[in-house]
Number of protein chains: 2
Amino acid sequence: MSAGPAATKVLVVDDEPQILRALRINLAARGYHVLTAQDGTAALRAAVDGRPDVVVLDLGLPDLDGTEVIAGLRGWSTVPIIVLSARTDSVDKVQALDAGADDYVTKPFGMDELLARLRAAVRRATTTAGDGEEAVVETDSFTVDLVTKKVRKDGVEVHLTPTEWGVLEVLVRNRGRLVAQKQLLQDVWGPAYATESHYLRVYLAQLRRKLEREPAHPKHLLTEPGMGYRFEA
Amino acid sequence: MSAGPAATKVLVVDDEPQILRALRINLAARGYHVLTAQDGTAALRAAVDGRPDVVVLDLGLPDLDGTEVIAGLRGWSTVPIIVLSARTDSVDKVQALDAGADDYVTKPFGMDELLARLRAAVRRATTTAGDGEEAVVETDSFTVDLVTKKVRKDGVEVHLTPTEWGVLEVLVRNRGRLVAQKQLLQDVWGPAYATESHYLRVYLAQLRRKLEREPAHPKHLLTEPGMGYRFEA
DNA sequence: CGTCGGCGTAAAGACCGCGTCAAGGCATCA
DNA sequence: TGATGCCTTGACGCGGTCTTTACGCCGACG
């Protein structure tokens, strides 16, 4: 930002104290600023409060499932997530990666390898930066809060169904950009629905009816015929 | 119009034919568009020509060292690179990752794990796409934004149909270079339309009418008679 | 000088995609 | 069991887009 290069902030989540300790020492010795958490809820809280640049997440936490933690983070953040796990089963890896993790390292792991993967993740995140990420997006007729998943129109809260929210969220996360129908369908309904473009017509109509001032002449939820949809603030 | 150009392009680099074949079959079966190369120099050339969305790179190529290939790519591209290697030594992993690779998978690997890591890499690249400035191409009369898919002429937005945009996008991505009619037709309409060169005349005329100052004397969307078309900034 | 192939322009009809309304399943919950 | 909310599916009109045809122009070539 402005005042000089701050240290990279790493959030380490693990329920085993000795691993937590080993990671903290190693990371601190290399100049990282280290946050720690011992369970999933604490991890999510620490992520909100501390805004880490990268998360090292052990699976098998006592309170939450690993994919839940990933989903909780991905709901509002694109911070790189490196998963640690003792489980070598490829099913676990696929689940974690598809839930939104960036990398998956199996225990026992070499510290230098983890550090290299961490450097790679941070490098990627900063070089591709452009993080115009704001958690709450406003237009002249409604506002969308990506963290609390709430939508207000003229100040009063509007209830959206899960699918309506899913569509809106993808569009708002890509604000300004054209989102292809296929991508929208795959992100909201899953890979098998890539051609069900009729769903989009129905749900875009509903969203416009709930959010736009003139649903027949939308100013924010725009159609690009034959290509996809676009959200404009 | 056929299904063609929306698929993710993967460049697979490996000197072992059977691995190359296995990857190509698996990736193609999942809808990826696959390019292949068997050595480092071919890989770099293929990356320039084909503009893949992700690269799967085997180390231990006959001609170039793995890190050289990575460096050759990183010199001009931020495309995600997933390294394959038979070597489990952590020193190799650290070298490759620090050279600019995004992920490192040791052989033998599970195909579903590789595919998951590939999905993760592509997802990251598309969601964090902060290339912003680089993706805007300007001329003295109009600008093309390849990320948001918007075109402006003298500041005001111009609406393009999907086919118009398809043609323009191919030309702009190959700016300065001659694009053969056949290539243009195949990229936009699909392989079956390679000889329908009349379409190009119609759509180039429309694009010029929408974008050029003097559509009869184009300065940016140029015809190379008998060969193809070229976009010049 | 005439012909021919490639290119640019214009226009018209067929076709497809979009928006809209509404009805039918299918869960959940009282 | 009935009520409610949500997702899915169908039908239909309309407007925009693609395709196709027709024609004039120009340079190459015989």
# chains A, B, ... in the order shown; residues from 1 in each chain; ligands from 1
>>> residues_around(residues="Lys93 of chain B", least_positions_apart="4", cutoff="12 Å", atoms="only C-alpha atoms (C1' of nucleotides)", output="PyMOL selection string")
(chain A and resi 110-117+120) or (chain B and resi 59+66-67+82-89+97-106)
>>> write_last_selection(atoms="N, CA and C atoms", output="compact mmCIF listing (two decimals), in the first residue's frame")
# COMPACT_ATOMS: atom_id res chain seq x y z
N GLY A 110 8.52 -31.99 4.21
CA GLY A 110 9.78 -31.29 4.40
C GLY A 110 9.53 -29.81 4.57
N MET A 111 10.17 -29.26 5.57
CA MET A 111 9.91 -27.84 5.85
C MET A 111 10.30 -26.96 4.66
N ASP A 112 11.39 -27.29 4.00
CA ASP A 112 11.80 -26.44 2.89
C ASP A 112 10.83 -26.54 1.72
N GLU A 113 10.24 -27.73 1.53
CA GLU A 113 9.23 -27.83 0.49
C GLU A 113 8.01 -26.99 0.82
N LEU A 114 7.56 -27.08 2.05
CA LEU A 114 6.41 -26.27 2.44
C LEU A 114 6.71 -24.80 2.24
N LEU A 115 7.89 -24.39 2.63
CA LEU A 115 8.25 -22.99 2.49
C LEU A 115 8.27 -22.57 1.02
N ALA A 116 8.75 -23.48 0.18
CA ALA A 116 8.78 -23.16 -1.25
C ALA A 116 7.36 -23.04 -1.80
N ARG A 117 6.49 -23.93 -1.38
CA ARG A 117 5.09 -23.85 -1.84
C ARG A 117 4.43 -22.58 -1.31
N ALA A 120 5.59 -19.78 -3.41
CA ALA A 120 4.92 -19.80 -4.71
C ALA A 120 3.50 -19.24 -4.60
N LEU B 59 9.67 -32.43 -15.95
CA LEU B 59 11.10 -32.10 -15.86
C LEU B 59 11.88 -33.22 -16.55
N GLY B 66 14.66 -28.12 -16.73
CA GLY B 66 13.31 -27.72 -16.35
C GLY B 66 13.21 -26.25 -15.96
N THR B 67 14.15 -25.81 -15.16
CA THR B 67 14.07 -24.42 -14.71
C THR B 67 14.25 -23.45 -15.86
N ILE B 82 2.23 -26.38 -13.89
CA ILE B 82 2.25 -27.53 -12.98
C ILE B 82 3.37 -28.45 -13.43
N VAL B 83 4.32 -28.68 -12.53
CA VAL B 83 5.49 -29.48 -12.88
C VAL B 83 5.23 -30.94 -12.53
N LEU B 84 5.59 -31.81 -13.46
CA LEU B 84 5.60 -33.24 -13.20
C LEU B 84 7.04 -33.69 -13.10
N SER B 85 7.33 -34.59 -12.16
CA SER B 85 8.69 -35.07 -12.07
C SER B 85 8.73 -36.40 -11.36
N ALA B 86 9.70 -37.22 -11.75
CA ALA B 86 9.90 -38.49 -11.07
C ALA B 86 10.74 -38.29 -9.81
N ARG B 87 11.36 -37.14 -9.71
CA ARG B 87 12.28 -36.92 -8.60
C ARG B 87 11.53 -36.41 -7.38
N THR B 88 11.70 -37.12 -6.27
CA THR B 88 10.98 -36.75 -5.06
C THR B 88 11.83 -35.86 -4.15
N ASP B 89 13.07 -35.66 -4.55
CA ASP B 89 13.97 -34.88 -3.72
C ASP B 89 13.40 -33.47 -3.53
N LEU B 97 9.76 -24.66 -7.88
CA LEU B 97 8.77 -23.72 -7.36
C LEU B 97 9.34 -22.30 -7.30
N ASP B 98 10.60 -22.19 -6.88
CA ASP B 98 11.19 -20.86 -6.80
C ASP B 98 11.50 -20.30 -8.18
N ALA B 99 11.64 -21.19 -9.17
CA ALA B 99 11.86 -20.69 -10.53
C ALA B 99 10.58 -20.09 -11.10
N GLY B 100 9.45 -20.42 -10.50
CA GLY B 100 8.22 -19.83 -10.98
C GLY B 100 7.09 -20.81 -11.22
N ALA B 101 7.33 -22.09 -10.91
CA ALA B 101 6.25 -23.06 -11.06
C ALA B 101 5.18 -22.82 -10.01
N ASP B 102 3.97 -23.27 -10.32
CA ASP B 102 2.87 -23.08 -9.39
C ASP B 102 2.60 -24.31 -8.55
N ASP B 103 2.96 -25.47 -9.07
CA ASP B 103 2.68 -26.69 -8.34
C ASP B 103 3.68 -27.74 -8.80
N TYR B 104 3.82 -28.79 -7.98
CA TYR B 104 4.81 -29.81 -8.26
C TYR B 104 4.21 -31.14 -7.90
N VAL B 105 4.08 -32.02 -8.88
CA VAL B 105 3.49 -33.34 -8.66
C VAL B 105 4.52 -34.39 -9.00
N THR B 106 4.71 -35.36 -8.09
CA THR B 106 5.72 -36.39 -8.33
C THR B 106 5.08 -37.60 -8.98
>>> interface_residues(of="chain B", to="chain C", cutoff="12 Å", atoms="only C-alpha atoms (C1' of nucleotides)", output="list in words")
Met1, Pro162, Ser197, His198, Tyr199, Leu200, Arg201, Val202, Tyr203, Leu204, Ala205, Gln206, Arg208, Arg209, Pro215, Ala216, His217, Pro218, Thr223, Glu224, Pro225, Gly226, Met227 and Gly228 of chain B
>>> write_last_selection(atoms="N, CA and C atoms", output="JSON list (two decimals), in the first residue's frame")
[["chain", "number", "residue", "atom", "x", "y", "z"],
["B", 1, "MET", "N", -23.19, -22.43, -35.58],
["B", 1, "MET", "CA", -21.93, -22.30, -34.85],
["B", 1, "MET", "C", -21.68, -23.54, -34.01],
["B", 162, "PRO", "N", -21.90, -11.76, -30.59],
["B", 162, "PRO", "CA", -20.91, -12.78, -30.23],
["B", 162, "PRO", "C", -19.93, -13.08, -31.37],
["B", 197, "SER", "N", -15.07, -18.48, -46.44],
["B", 197, "SER", "CA", -14.38, -17.20, -46.29],
["B", 197, "SER", "C", -15.31, -16.01, -46.51],
["B", 198, "HIS", "N", -16.49, -16.26, -47.04],
["B", 198, "HIS", "CA", -17.42, -15.14, -47.22],
["B", 198, "HIS", "C", -17.86, -14.56, -45.88],
["B", 199, "TYR", "N", -18.01, -15.43, -44.87],
["B", 199, "TYR", "CA", -18.38, -14.94, -43.54],
["B", 199, "TYR", "C", -17.42, -13.83, -43.09],
["B", 200, "LEU", "N", -16.15, -14.06, -43.35],
["B", 200, "LEU", "CA", -15.16, -13.08, -42.91],
["B", 200, "LEU", "C", -15.41, -11.73, -43.57],
["B", 201, "ARG", "N", -15.72, -11.74, -44.84],
["B", 201, "ARG", "CA", -15.96, -10.47, -45.52],
["B", 201, "ARG", "C", -17.13, -9.72, -44.88],
["B", 202, "VAL", "N", -18.19, -10.48, -44.61],
["B", 202, "VAL", "CA", -19.36, -9.85, -43.99],
["B", 202, "VAL", "C", -19.01, -9.27, -42.62],
["B", 203, "TYR", "N", -18.34, -10.07, -41.79],
["B", 203, "TYR", "CA", -18.11, -9.61, -40.42],
["B", 203, "TYR", "C", -17.00, -8.57, -40.32],
["B", 204, "LEU", "N", -16.00, -8.70, -41.16],
["B", 204, "LEU", "CA", -14.98, -7.64, -41.16],
["B", 204, "LEU", "C", -15.60, -6.32, -41.57],
["B", 205, "ALA", "N", -16.52, -6.37, -42.54],
["B", 205, "ALA", "CA", -17.19, -5.14, -42.95],
["B", 205, "ALA", "C", -17.98, -4.54, -41.77],
["B", 206, "GLN", "N", -18.68, -5.40, -41.04],
["B", 206, "GLN", "CA", -19.46, -4.89, -39.91],
["B", 206, "GLN", "C", -18.56, -4.31, -38.83],
["B", 208, "ARG", "N", -15.60, -3.04, -39.19],
["B", 208, "ARG", "CA", -15.04, -1.78, -39.66],
["B", 208, "ARG", "C", -16.07, -0.67, -39.58],
["B", 209, "ARG", "N", -17.32, -1.00, -39.92],
["B", 209, "ARG", "CA", -18.35, 0.03, -39.86],
["B", 209, "ARG", "C", -18.56, 0.49, -38.42],
["B", 215, "PRO", "N", -14.64, 3.45, -42.63],
["B", 215, "PRO", "CA", -14.78, 2.02, -42.88],
["B", 215, "PRO", "C", -14.27, 1.61, -44.27],
["B", 216, "ALA", "N", -14.31, 2.50, -45.21],
["B", 216, "ALA", "CA", -13.85, 2.14, -46.55],
["B", 216, "ALA", "C", -12.32, 2.14, -46.64],
["B", 217, "HIS", "N", -11.68, 2.84, -45.71],
["B", 217, "HIS", "CA", -10.21, 2.89, -45.71],
["B", 217, "HIS", "C", -9.71, 2.53, -44.32],
["B", 218, "PRO", "N", -9.80, 1.27, -43.96],
["B", 218, "PRO", "CA", -9.45, 0.85, -42.59],
["B", 218, "PRO", "C", -7.98, 1.06, -42.29],
["B", 223, "THR", "N", -6.86, -5.99, -44.49],
["B", 223, "THR", "CA", -6.95, -7.17, -45.34],
["B", 223, "THR", "C", -5.62, -7.43, -46.00],
["B", 224, "GLU", "N", -5.20, -8.69, -45.94],
["B", 224, "GLU", "CA", -4.05, -9.11, -46.73],
["B", 224, "GLU", "C", -4.62, -10.02, -47.82],
["B", 225, "PRO", "N", -4.81, -9.48, -49.01],
["B", 225, "PRO", "CA", -5.54, -10.22, -50.06],
["B", 225, "PRO", "C", -4.97, -11.60, -50.30],
["B", 226, "GLY", "N", -5.86, -12.57, -50.32],
["B", 226, "GLY", "CA", -5.46, -13.93, -50.59],
["B", 226, "GLY", "C", -4.87, -14.65, -49.39],
["B", 227, "MET", "N", -4.58, -13.94, -48.32],
["B", 227, "MET", "CA", -3.93, -14.55, -47.17],
["B", 227, "MET", "C", -4.84, -14.55, -45.95],
["B", 228, "GLY", "N", -5.21, -13.38, -45.51],
["B", 228, "GLY", "CA", -5.99, -13.31, -44.29],
["B", 228, "GLY", "C", -6.17, -11.88, -43.84]]
>>> atom_distance(atom1="atom CA of Thr36 of chain A", atom2="atom CA of Asp63 of chain A")
15.8 Å
>>> closest_residue(among="B:Leu20, B:Ile25, B:Leu61, B:Val79", to="chain A", atoms="only C-alpha atoms")
B:Val79
>>> select_by_dssp(residues="segment 149-189 of chain B", states="alpha helix (DSSP H)", output="PDB file with N, CA, C and O atoms, in the first residue's frame")
ATOM      1  N   PRO B 162     -21.897 -11.760 -30.591  1.00  0.00           N
ATOM      2  CA  PRO B 162     -20.906 -12.782 -30.234  1.00  0.00           C
ATOM      3  C   PRO B 162     -19.933 -13.081 -31.367  1.00  0.00           C
ATOM      4  O   PRO B 162     -18.728 -13.227 -31.132  1.00  0.00           O
ATOM      5  N   THR B 163     -20.428 -13.194 -32.569  1.00  0.00           N
ATOM      6  CA  THR B 163     -19.531 -13.510 -33.678  1.00  0.00           C
ATOM      7  C   THR B 163     -18.598 -12.346 -33.968  1.00  0.00           C
ATOM      8  O   THR B 163     -17.407 -12.550 -34.228  1.00  0.00           O
ATOM      9  N   GLU B 164     -19.111 -11.158 -33.940  1.00  0.00           N
ATOM     10  CA  GLU B 164     -18.247  -9.996 -34.133  1.00  0.00           C
ATOM     11  C   GLU B 164     -17.128  -9.982 -33.098  1.00  0.00           C
ATOM     12  O   GLU B 164     -15.957  -9.778 -33.420  1.00  0.00           O
ATOM     13  N   TRP B 165     -17.509 -10.211 -31.845  1.00  0.00           N
ATOM     14  CA  TRP B 165     -16.501 -10.231 -30.799  1.00  0.00           C
ATOM     15  C   TRP B 165     -15.497 -11.355 -31.021  1.00  0.00           C
ATOM     16  O   TRP B 165     -14.292 -11.181 -30.830  1.00  0.00           O
ATOM     17  N   GLY B 166     -15.978 -12.521 -31.433  1.00  0.00           N
ATOM     18  CA  GLY B 166     -15.077 -13.642 -31.674  1.00  0.00           C
ATOM     19  C   GLY B 166     -14.016 -13.310 -32.697  1.00  0.00           C
ATOM     20  O   GLY B 166     -12.829 -13.582 -32.498  1.00  0.00           O
ATOM     21  N   VAL B 167     -14.432 -12.695 -33.777  1.00  0.00           N
ATOM     22  CA  VAL B 167     -13.475 -12.336 -34.825  1.00  0.00           C
ATOM     23  C   VAL B 167     -12.485 -11.297 -34.302  1.00  0.00           C
ATOM     24  O   VAL B 167     -11.261 -11.440 -34.446  1.00  0.00           O
ATOM     25  N   LEU B 168     -13.026 -10.278 -33.665  1.00  0.00           N
ATOM     26  CA  LEU B 168     -12.159  -9.205 -33.169  1.00  0.00           C
ATOM     27  C   LEU B 168     -11.165  -9.732 -32.141  1.00  0.00           C
ATOM     28  O   LEU B 168      -9.990  -9.366 -32.152  1.00  0.00           O
ATOM     29  N   GLU B 169     -11.631 -10.613 -31.263  1.00  0.00           N
ATOM     30  CA  GLU B 169     -10.758 -11.121 -30.212  1.00  0.00           C
ATOM     31  C   GLU B 169      -9.569 -11.875 -30.795  1.00  0.00           C
ATOM     32  O   GLU B 169      -8.433 -11.681 -30.370  1.00  0.00           O
ATOM     33  N   VAL B 170      -9.834 -12.724 -31.762  1.00  0.00           N
ATOM     34  CA  VAL B 170      -8.734 -13.487 -32.366  1.00  0.00           C
ATOM     35  C   VAL B 170      -7.726 -12.529 -33.006  1.00  0.00           C
ATOM     36  O   VAL B 170      -6.511 -12.682 -32.848  1.00  0.00           O
ATOM     37  N   LEU B 171      -8.238 -11.540 -33.714  1.00  0.00           N
ATOM     38  CA  LEU B 171      -7.322 -10.613 -34.382  1.00  0.00           C
ATOM     39  C   LEU B 171      -6.508  -9.811 -33.369  1.00  0.00           C
ATOM     40  O   LEU B 171      -5.302  -9.625 -33.529  1.00  0.00           O
ATOM     41  N   VAL B 172      -7.164  -9.349 -32.314  1.00  0.00           N
ATOM     42  CA  VAL B 172      -6.452  -8.517 -31.344  1.00  0.00           C
ATOM     43  C   VAL B 172      -5.439  -9.343 -30.568  1.00  0.00           C
ATOM     44  O   VAL B 172      -4.346  -8.869 -30.263  1.00  0.00           O
ATOM     45  N   ARG B 173      -5.792 -10.584 -30.243  1.00  0.00           N
ATOM     46  CA  ARG B 173      -4.827 -11.421 -29.520  1.00  0.00           C
ATOM     47  C   ARG B 173      -3.603 -11.710 -30.387  1.00  0.00           C
ATOM     48  O   ARG B 173      -2.537 -12.013 -29.873  1.00  0.00           O
ATOM     49  N   GLN B 181      -7.067 -16.806 -43.045  1.00  0.00           N
ATOM     50  CA  GLN B 181      -8.524 -16.959 -43.076  1.00  0.00           C
ATOM     51  C   GLN B 181      -8.949 -18.272 -42.436  1.00  0.00           C
ATOM     52  O   GLN B 181      -9.900 -18.325 -41.651  1.00  0.00           O
ATOM     53  N   LYS B 182      -8.242 -19.313 -42.777  1.00  0.00           N
ATOM     54  CA  LYS B 182      -8.597 -20.631 -42.253  1.00  0.00           C
ATOM     55  C   LYS B 182      -8.543 -20.645 -40.732  1.00  0.00           C
ATOM     56  O   LYS B 182      -9.442 -21.157 -40.068  1.00  0.00           O
ATOM     57  N   GLN B 183      -7.489 -20.077 -40.183  1.00  0.00           N
ATOM     58  CA  GLN B 183      -7.367 -20.076 -38.732  1.00  0.00           C
ATOM     59  C   GLN B 183      -8.495 -19.278 -38.094  1.00  0.00           C
ATOM     60  O   GLN B 183      -9.101 -19.692 -37.106  1.00  0.00           O
ATOM     61  N   LEU B 184      -8.781 -18.140 -38.663  1.00  0.00           N
ATOM     62  CA  LEU B 184      -9.834 -17.292 -38.144  1.00  0.00           C
ATOM     63  C   LEU B 184     -11.170 -18.019 -38.159  1.00  0.00           C
ATOM     64  O   LEU B 184     -11.909 -18.042 -37.170  1.00  0.00           O
ATOM     65  N   LEU B 185     -11.465 -18.639 -39.276  1.00  0.00           N
ATOM     66  CA  LEU B 185     -12.737 -19.352 -39.404  1.00  0.00           C
ATOM     67  C   LEU B 185     -12.815 -20.508 -38.408  1.00  0.00           C
ATOM     68  O   LEU B 185     -13.844 -20.726 -37.772  1.00  0.00           O
ATOM     69  N   GLN B 186     -11.726 -21.235 -38.274  1.00  0.00           N
ATOM     70  CA  GLN B 186     -11.751 -22.378 -37.361  1.00  0.00           C
ATOM     71  C   GLN B 186     -11.854 -21.926 -35.911  1.00  0.00           C
ATOM     72  O   GLN B 186     -12.550 -22.549 -35.115  1.00  0.00           O
ATOM     73  N   ASP B 187     -11.187 -20.837 -35.553  1.00  0.00           N
ATOM     74  CA  ASP B 187     -11.227 -20.380 -34.176  1.00  0.00           C
ATOM     75  C   ASP B 187     -12.602 -19.855 -33.796  1.00  0.00           C
ATOM     76  O   ASP B 187     -13.046 -20.014 -32.669  1.00  0.00           O
ATOM     77  N   VAL B 188     -13.269 -19.196 -34.732  1.00  0.00           N
ATOM     78  CA  VAL B 188     -14.530 -18.557 -34.385  1.00  0.00           C
ATOM     79  C   VAL B 188     -15.724 -19.455 -34.667  1.00  0.00           C
ATOM     80  O   VAL B 188     -16.621 -19.585 -33.841  1.00  0.00           O
TER      81      VAL B 188
END
>>> residues_around(residues="Ala42 of chain A", least_positions_apart="2", cutoff="12 Å", atoms="only C-alpha atoms (C1' of nucleotides)", output="list of chain:residue names")
A:Leu11, A:Val12, A:Val13, A:Asp14, A:Asp15, A:Leu35, A:Thr36, A:Ala37, A:Gln38, A:Asp39, A:Gly40, A:Leu44, A:Arg45, A:Ala46, A:Ala47, A:Val48, A:Asp49, A:Gly50, A:Leu57, A:Leu61, A:Pro62, A:Asp63, A:Leu64, A:Val69, A:Gly72
>>> select_by_dssp(residues="segment 77-231 of chain A", states="strand (DSSP E or B)", output="ChimeraX atom specification")
/A:81-85,103-106,136-138,142-145,150-153,156-158,178-180,221-224,228-231
>>> write_last_selection(atoms="N, CA, C and O atoms", output="CSV table (one decimal), in the first residue's frame")
chain,number,residue,atom,x,y,z
A,81,ILE,N,-4.7,-20.8,0.1
A,81,ILE,CA,-4.9,-21.8,1.2
A,81,ILE,C,-4.0,-23.0,0.9
A,81,ILE,O,-4.2,-23.6,-0.2
A,82,ILE,N,-3.1,-23.3,1.7
A,82,ILE,CA,-2.3,-24.5,1.6
A,82,ILE,C,-2.7,-25.5,2.6
A,82,ILE,O,-2.6,-25.2,3.8
A,83,VAL,N,-3.2,-26.6,2.2
A,83,VAL,CA,-3.7,-27.6,3.1
A,83,VAL,C,-2.6,-28.6,3.5
A,83,VAL,O,-1.8,-29.1,2.7
A,84,LEU,N,-2.6,-28.9,4.8
A,84,LEU,CA,-1.7,-29.9,5.3
A,84,LEU,C,-2.6,-31.1,5.8
A,84,LEU,O,-3.7,-30.9,6.3
A,85,SER,N,-2.1,-32.3,5.5
A,85,SER,CA,-2.9,-33.4,5.9
A,85,SER,C,-2.1,-34.7,6.0
A,85,SER,O,-1.1,-34.8,5.3
A,103,ASP,N,-3.3,-25.6,-2.6
A,103,ASP,CA,-2.2,-26.6,-2.6
A,103,ASP,C,-2.5,-27.6,-1.5
A,103,ASP,O,-3.3,-27.3,-0.6
A,104,TYR,N,-1.9,-28.8,-1.6
A,104,TYR,CA,-2.2,-29.9,-0.7
A,104,TYR,C,-0.8,-30.6,-0.4
A,104,TYR,O,-0.2,-31.1,-1.3
A,105,VAL,N,-0.4,-30.5,0.8
A,105,VAL,CA,0.8,-31.2,1.2
A,105,VAL,C,0.6,-32.2,2.2
A,105,VAL,O,-0.2,-32.0,3.2
A,106,THR,N,1.1,-33.4,2.0
A,106,THR,CA,0.9,-34.5,2.9
A,106,THR,C,1.9,-34.6,4.0
A,106,THR,O,3.1,-34.4,3.7
A,136,VAL,N,-18.4,-5.3,0.4
A,136,VAL,CA,-19.8,-4.8,0.2
A,136,VAL,C,-19.8,-4.0,-1.0
A,136,VAL,O,-19.0,-3.0,-1.2
A,137,VAL,N,-20.7,-4.3,-1.9
A,137,VAL,CA,-20.7,-3.6,-3.2
A,137,VAL,C,-22.0,-2.9,-3.3
A,137,VAL,O,-23.1,-3.4,-3.0
A,138,GLU,N,-21.9,-1.6,-3.8
A,138,GLU,CA,-23.1,-0.8,-3.8
A,138,GLU,C,-23.5,-0.3,-5.2
A,138,GLU,O,-22.6,-0.1,-6.0
A,142,PHE,N,-29.3,-0.9,-5.0
A,142,PHE,CA,-29.2,-2.0,-4.0
A,142,PHE,C,-27.7,-2.2,-3.6
A,142,PHE,O,-26.8,-1.7,-4.3
A,143,THR,N,-27.5,-2.9,-2.4
A,143,THR,CA,-26.2,-3.2,-2.0
A,143,THR,C,-26.1,-4.7,-1.7
A,143,THR,O,-27.0,-5.3,-1.3
A,144,VAL,N,-24.9,-5.2,-1.9
A,144,VAL,CA,-24.6,-6.6,-1.8
A,144,VAL,C,-23.4,-6.8,-0.8
A,144,VAL,O,-22.4,-6.2,-1.0
A,145,ASP,N,-23.7,-7.5,0.3
A,145,ASP,CA,-22.6,-7.8,1.3
A,145,ASP,C,-22.2,-9.2,1.1
A,145,ASP,O,-22.9,-10.1,1.4
A,150,LYS,N,-25.9,-10.7,2.7
A,150,LYS,CA,-27.2,-10.0,2.8
A,150,LYS,C,-27.3,-9.0,1.7
A,150,LYS,O,-26.3,-8.4,1.2
A,151,VAL,N,-28.5,-8.8,1.2
A,151,VAL,CA,-28.8,-7.8,0.1
A,151,VAL,C,-29.8,-6.9,0.6
A,151,VAL,O,-30.8,-7.3,1.2
A,152,ARG,N,-29.6,-5.6,0.4
A,152,ARG,CA,-30.5,-4.6,0.8
A,152,ARG,C,-30.9,-3.7,-0.4
A,152,ARG,O,-30.1,-3.4,-1.3
A,153,LYS,N,-32.2,-3.4,-0.5
A,153,LYS,CA,-32.6,-2.5,-1.6
A,153,LYS,C,-33.3,-1.3,-0.9
A,153,LYS,O,-34.3,-1.5,-0.2
A,156,VAL,N,-33.8,-1.6,2.9
A,156,VAL,CA,-34.5,-2.7,3.5
A,156,VAL,C,-34.0,-4.0,3.0
A,156,VAL,O,-33.6,-4.1,1.8
A,157,GLU,N,-33.9,-5.0,3.9
A,157,GLU,CA,-33.3,-6.3,3.5
A,157,GLU,C,-34.2,-7.0,2.5
A,157,GLU,O,-35.4,-7.1,2.7
A,158,VAL,N,-33.6,-7.6,1.5
A,158,VAL,CA,-34.3,-8.4,0.5
A,158,VAL,C,-33.9,-9.9,0.7
A,158,VAL,O,-32.8,-10.2,0.8
A,178,LEU,N,-17.6,-9.7,-18.1
A,178,LEU,CA,-18.6,-10.5,-18.7
A,178,LEU,C,-18.4,-11.9,-18.2
A,178,LEU,O,-17.3,-12.5,-18.3
A,179,VAL,N,-19.4,-12.5,-17.6
A,179,VAL,CA,-19.4,-13.9,-17.2
A,179,VAL,C,-20.1,-14.8,-18.1
A,179,VAL,O,-21.3,-14.6,-18.4
A,180,ALA,N,-19.5,-15.7,-18.7
A,180,ALA,CA,-20.1,-16.6,-19.7
A,180,ALA,C,-21.2,-17.4,-19.1
A,180,ALA,O,-21.1,-17.8,-17.9
A,221,LEU,N,-27.8,-5.6,-13.8
A,221,LEU,CA,-27.7,-7.0,-14.1
A,221,LEU,C,-28.0,-7.1,-15.6
A,221,LEU,O,-29.1,-7.2,-16.0
A,222,LEU,N,-26.9,-7.0,-16.4
A,222,LEU,CA,-27.1,-6.9,-17.8
A,222,LEU,C,-26.9,-8.2,-18.6
A,222,LEU,O,-26.1,-9.0,-18.2
A,223,THR,N,-27.6,-8.3,-19.7
A,223,THR,CA,-27.5,-9.4,-20.6
A,223,THR,C,-26.6,-9.0,-21.8
A,223,THR,O,-26.8,-8.0,-22.4
A,224,GLU,N,-25.6,-9.9,-22.1
A,224,GLU,CA,-24.9,-9.8,-23.3
A,224,GLU,C,-25.4,-11.0,-24.2
A,224,GLU,O,-24.9,-12.1,-24.0
A,228,GLY,N,-23.3,-14.0,-22.3
A,228,GLY,CA,-23.4,-14.2,-20.9
A,228,GLY,C,-24.0,-13.0,-20.2
A,228,GLY,O,-24.8,-12.3,-20.8
A,229,TYR,N,-23.7,-12.8,-18.9
A,229,TYR,CA,-24.2,-11.7,-18.2
A,229,TYR,C,-23.1,-10.9,-17.5
A,229,TYR,O,-22.0,-11.4,-17.4
A,230,ARG,N,-23.5,-9.7,-17.1
A,230,ARG,CA,-22.5,-8.8,-16.5
A,230,ARG,C,-23.1,-8.0,-15.4
A,230,ARG,O,-24.3,-7.5,-15.6
A,231,PHE,N,-22.4,-7.9,-14.3
A,231,PHE,CA,-22.9,-7.0,-13.2
A,231,PHE,C,-22.1,-5.7,-13.3
A,231,PHE,O,-20.9,-5.7,-13.3
>>> atom_distance(atom1="atom CA of Thr139 of chain B", atom2="atom CA of Thr78 of chain B")
25.0 Å
>>> atom_distance(atom1="atom CA of Val56 of chain B", atom2="atom CA of Val10 of chain B")
7.3 Å
>>> interface_residues(of="chain D", to="chain B", cutoff="12 Å", atoms="only C-alpha atoms (C1' of nucleotides)", output="JSON, numbers by chain")
{"D": [16, 17, 18, 19, 20, 21, 26, 27]}
